[in-house]
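The next block holds one structure in the form of structure tokens; read it before the comments.
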Amino acid sequence: MTVALVGVGNLGKAVADSLLAASYRSEDVILIERAEKDRDYLAQRYGCRVEAEVPAGLQLGAGDVVVLTVKPQDAQGACEGLRPIISPDVVVLSCMAGVPCHRLQALLGTQKIIRAMPNLGAAFQESASAVFIPEGLSVEEIGHVSAIINSCGKAWRVEREELIDVATAVAGSGPAYLCWLAEQLENVAIESGFSRHDAHALVLQTFKGAVSVLEGSDETFTTLRQRVTSPNGTTAAALSVLEERVAAEHVRDAVRAALRRARELQSV
Ligand SMILES: NC(=O)c1ccc[n+]([C@@H]2O[C@H](COP(=O)([O-])OP(=O)(O)OC[C@H]3O[C@@H](n4cnc5c(N)ncnc54)[C@H](OP(=O)(O)O)[C@@H]3O)[C@@H](O)[C@H]2O)c1
């Protein structure tokens with residue numbers, strides 16, 4: 001089984017990391033990356049065949065999967081390069097935000113498109129991914145693509161394609177939201193006397209501890225927050241400022257903005 005990964009930037013590298021960690025053999029993975037400066041690095045890091053563009057004679061068939069990890073704006077160019085080698089048996093897994101199956105089907109001349117939205121956790125097999133599988137694919141084809149998605153971390157199958165946009169806004173962009181919050185915590189720790197190094201480690205361990213508590217119990221986000229918030233305590237003081245400034249609604253608005261942008265990308 002060959003996996004051809006087209007566009008090996010941030011997400012493409014994370015997916016390549018997952019594949020090789022999940023015991024895909026490097027000789028079965030082809031990396032196609034147009035950025036010349038990255039190709040030597042990719043060959044060294046992964047030991048895979050690395051190409052600047054889709055090789056004209058590349059023969060793909062049953063069991064083979066093409067994974068698209070280019071920016072939505074590059075979808076058309078990437079699909080034009082791929083179209084000549086997409087035989088009826090090849091399945092295409094698109095990890096692009098916003099580009100719907102029907103557009104990819106038209107660009108690639110095949111119905112066999114699956115969409116997924118992983119996130120950067122894939123680099124450590126910790127992605128929270130959503131996957132949409134339209135009708136018409138065989139159990140084996142779904143199995144081949146599911147193995148790729150599952151190698152990235154945990155995945156949830158969604159029954160409606162629009163939910164991929166929701167997963168984009170929540171989980172695809174999610175690491176950036178958490179990093180933004182971490183930056184704010186880190187800044188206060190530094191301005192109040194912690195070294196940059198210790199402030200970073202303190203915030204990181206706080207995130208890890210909160211995740212461990214949540215994973216190790218049945219608590220919801222709300223109940224853990226309430227449990228940490230003693231009346232008149234320090235957490236209550238911070239949360240009252242956040243609530244006063246309507247932060248929760250602002251955060252939800254920000255995520256809704258990401259969702260709107262994911263939907264707009266359909267017409268790019
Ligand atoms: N980054 C994330 O956390 C994340 C999470 C979920 C989903 N995604 C999705 O993943 C996709 C890629 O995002 P990214 O952040 O990884 O972008 P990126 O870092 O820019 O990587 C894309 C790479 O693809 C290359 N490329 C573009 N067209 C190509 C072609 N026709 N053939 C070969 N290589 C080509 C680009 O080269 P140039 O540098 O020359 O343009 C770039 O190196 C997007 O569609 C995004 O929606 C990203």
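Here's how to read the names in the structure tokens: chain A, B, ... by the order shown, residue numbers from 1 in each chain, ligand numbers from 1 in the order shown.
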
Self-check item: Protein and nucleic acid residues within 8 Å of ligand 1 (only C-alpha atoms and all ligand atoms) as a PyMOL selection string
Solution: chain A and resi 6-13+32-36+38+52-54+68-75+77-79+81+95-98+117-120+168+171-173+175

Go ahead and write the residues just picked, C-alpha atoms, as a compact mmCIF listing (two decimals), in the first residue's frame.
# COMPACT_ATOMS: atom_id res chain seq x y z
CA VAL A 6 0.93 16.06 -1.28
CA GLY A 7 2.09 19.22 0.54
CA VAL A 8 4.45 18.48 3.41
CA GLY A 9 4.25 21.63 5.53
CA ASN A 10 3.02 21.90 9.13
CA LEU A 11 0.22 19.36 8.92
CA GLY A 12 1.87 17.18 6.27
CA LYS A 13 4.90 16.66 8.52
CA ILE A 32 5.45 15.48 -2.67
CA GLU A 33 6.55 18.96 -1.65
CA ARG A 34 7.10 21.85 -4.01
CA ALA A 35 9.17 23.98 -1.58
CA GLU A 36 12.72 23.18 -2.70
CA ASP A 38 12.42 21.59 2.49
CA ALA A 52 8.86 18.22 -6.19
CA GLU A 53 5.69 17.33 -8.06
CA VAL A 54 3.53 14.31 -8.74
CA LEU A 68 -3.88 16.13 0.38
CA THR A 69 -2.32 18.51 2.91
CA VAL A 70 -1.89 21.68 0.85
CA LYS A 71 -3.57 24.98 1.70
CA PRO A 72 -7.12 25.35 0.34
CA GLN A 73 -5.84 28.09 -1.99
CA ASP A 74 -3.48 25.51 -3.57
CA ALA A 75 -6.16 22.83 -3.99
CA GLY A 77 -3.07 23.35 -8.65
CA ALA A 78 -2.42 20.24 -6.58
CA CYS A 79 -5.45 18.45 -8.05
CA GLY A 81 -1.07 17.66 -10.96
CA CYS A 95 -7.19 17.19 5.11
CA MET A 96 -7.84 20.67 3.71
CA ALA A 97 -10.13 23.08 5.50
CA GLY A 98 -13.11 24.30 3.57
CA MET A 117 -9.72 17.35 9.81
CA PRO A 118 -6.79 16.34 11.99
CA ASN A 119 -4.77 18.75 14.07
CA LEU A 120 -1.13 19.23 14.93
CA THR A 168 -11.89 22.80 11.73
CA ALA A 171 -10.11 21.08 16.87
CA GLY A 172 -8.08 22.12 13.79
CA SER A 173 -7.58 25.62 15.19
CA PRO A 175 -4.18 24.15 19.62

Quiz item: Skipping near chain neighbours, those fewer than 5 positions away, what residues fall within 9 Å of A:Val92 using only C-alpha atoms, listed as a VMD selection string?
Solution: chain A and resid 64 to 68 86 110 112 to 115 145

Write the selection just made, keeping C-alpha atoms, as a compact mmCIF listing (two decimals), in the first residue's frame?
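Result went into part_18.txt, see below:
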# COMPACT_ATOMS: atom_id res chain seq x y z
CA ASP A 64 -3.18 3.18 -2.36
CA VAL A 65 -4.16 6.50 -0.83
CA VAL A 66 -3.30 10.08 -1.77
CA VAL A 67 -3.36 12.46 1.21
CA LEU A 68 -3.88 16.13 0.38
CA ILE A 86 -5.81 9.04 -10.10
CA THR A 110 -13.11 10.54 -9.00
CA LYS A 112 -13.53 8.39 -3.97
CA ILE A 113 -12.83 11.34 -1.72
CA ILE A 114 -12.77 11.19 2.07
CA ARG A 115 -12.37 14.35 4.13
CA VAL A 145 -8.03 5.55 5.02

Using 12 Å as the limit and counting only C-alpha atoms, can you tabulate each residue of stretch 148-202 of chain A that touches stretch 208-221 of chain A, with its shortest atom-to-atom distance in Å and the two atoms involved, as a Markdown table?
| residue | atom | partner | partner_atom | distance |
| --- | --- | --- | --- | --- |
| A:Leu178 | CA | A:Lys208 | CA | 12.0 |
| A:Ala182 | CA | A:Lys208 | CA | 11.8 |
| A:Ala201 | CA | A:Lys208 | CA | 10.4 |
| A:Leu202 | CA | A:Lys208 | CA | 10.0 |

Filtering to C-alpha atoms, could you give me those residues as a PDB file, in the first residue's frame?
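Generated file (selection.pdb):
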ATOM      1  CA  LEU A 178      -4.945  26.960  23.925  1.00  0.00           C
ATOM      2  CA  ALA A 182      -1.039  29.744  27.684  1.00  0.00           C
ATOM      3  CA  ALA A 201       7.246  24.926  32.271  1.00  0.00           C
ATOM      4  CA  LEU A 202       4.730  25.993  34.933  1.00  0.00           C
TER       5      LEU A 202
END

Practice problem: Using only C-alpha atoms, determine which residues lie at most 10 Å from stretch 255-263 of chain A, disregarding the query and same-chain residues fewer than 3 positions distant; provide the list as a PyMOL selection string. | Solution: chain A and resi 72+96-100+162-170+172-174+177+249-252+266-268

Quiz item: Which value, in Å to one decimal, gives the distance between atom CA of A:Glu27 and atom CA of A:Cys48?
Solution: 5.8 Å

Exercise. Would you return as a PyMOL selection string the members of stretch 55-244 of chain A that DSSP assigns to helix (DSSP H, G or I) on this structure's backbone?
Key: chain A and resi 72-85+101-108+120-124+139-151+162-172+174-191+196-215+221-228+234-244

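Picture a line from atom CA of A:Gln125 to atom CA of A:Cys101; it runs 25.5 Å.
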
Quiz item: What is the atom CA of A:Thr2-atom CA of A:Ser18 distance in Å, reported with one decimal?
Solution: 15.0 Å

Quiz item: Which of stretch 95-238 of chain A counts as strand (DSSP E) under DSSP, as an MDAnalysis selection string please?
Solution: chainID A and resid 113:117 127:132 153:158
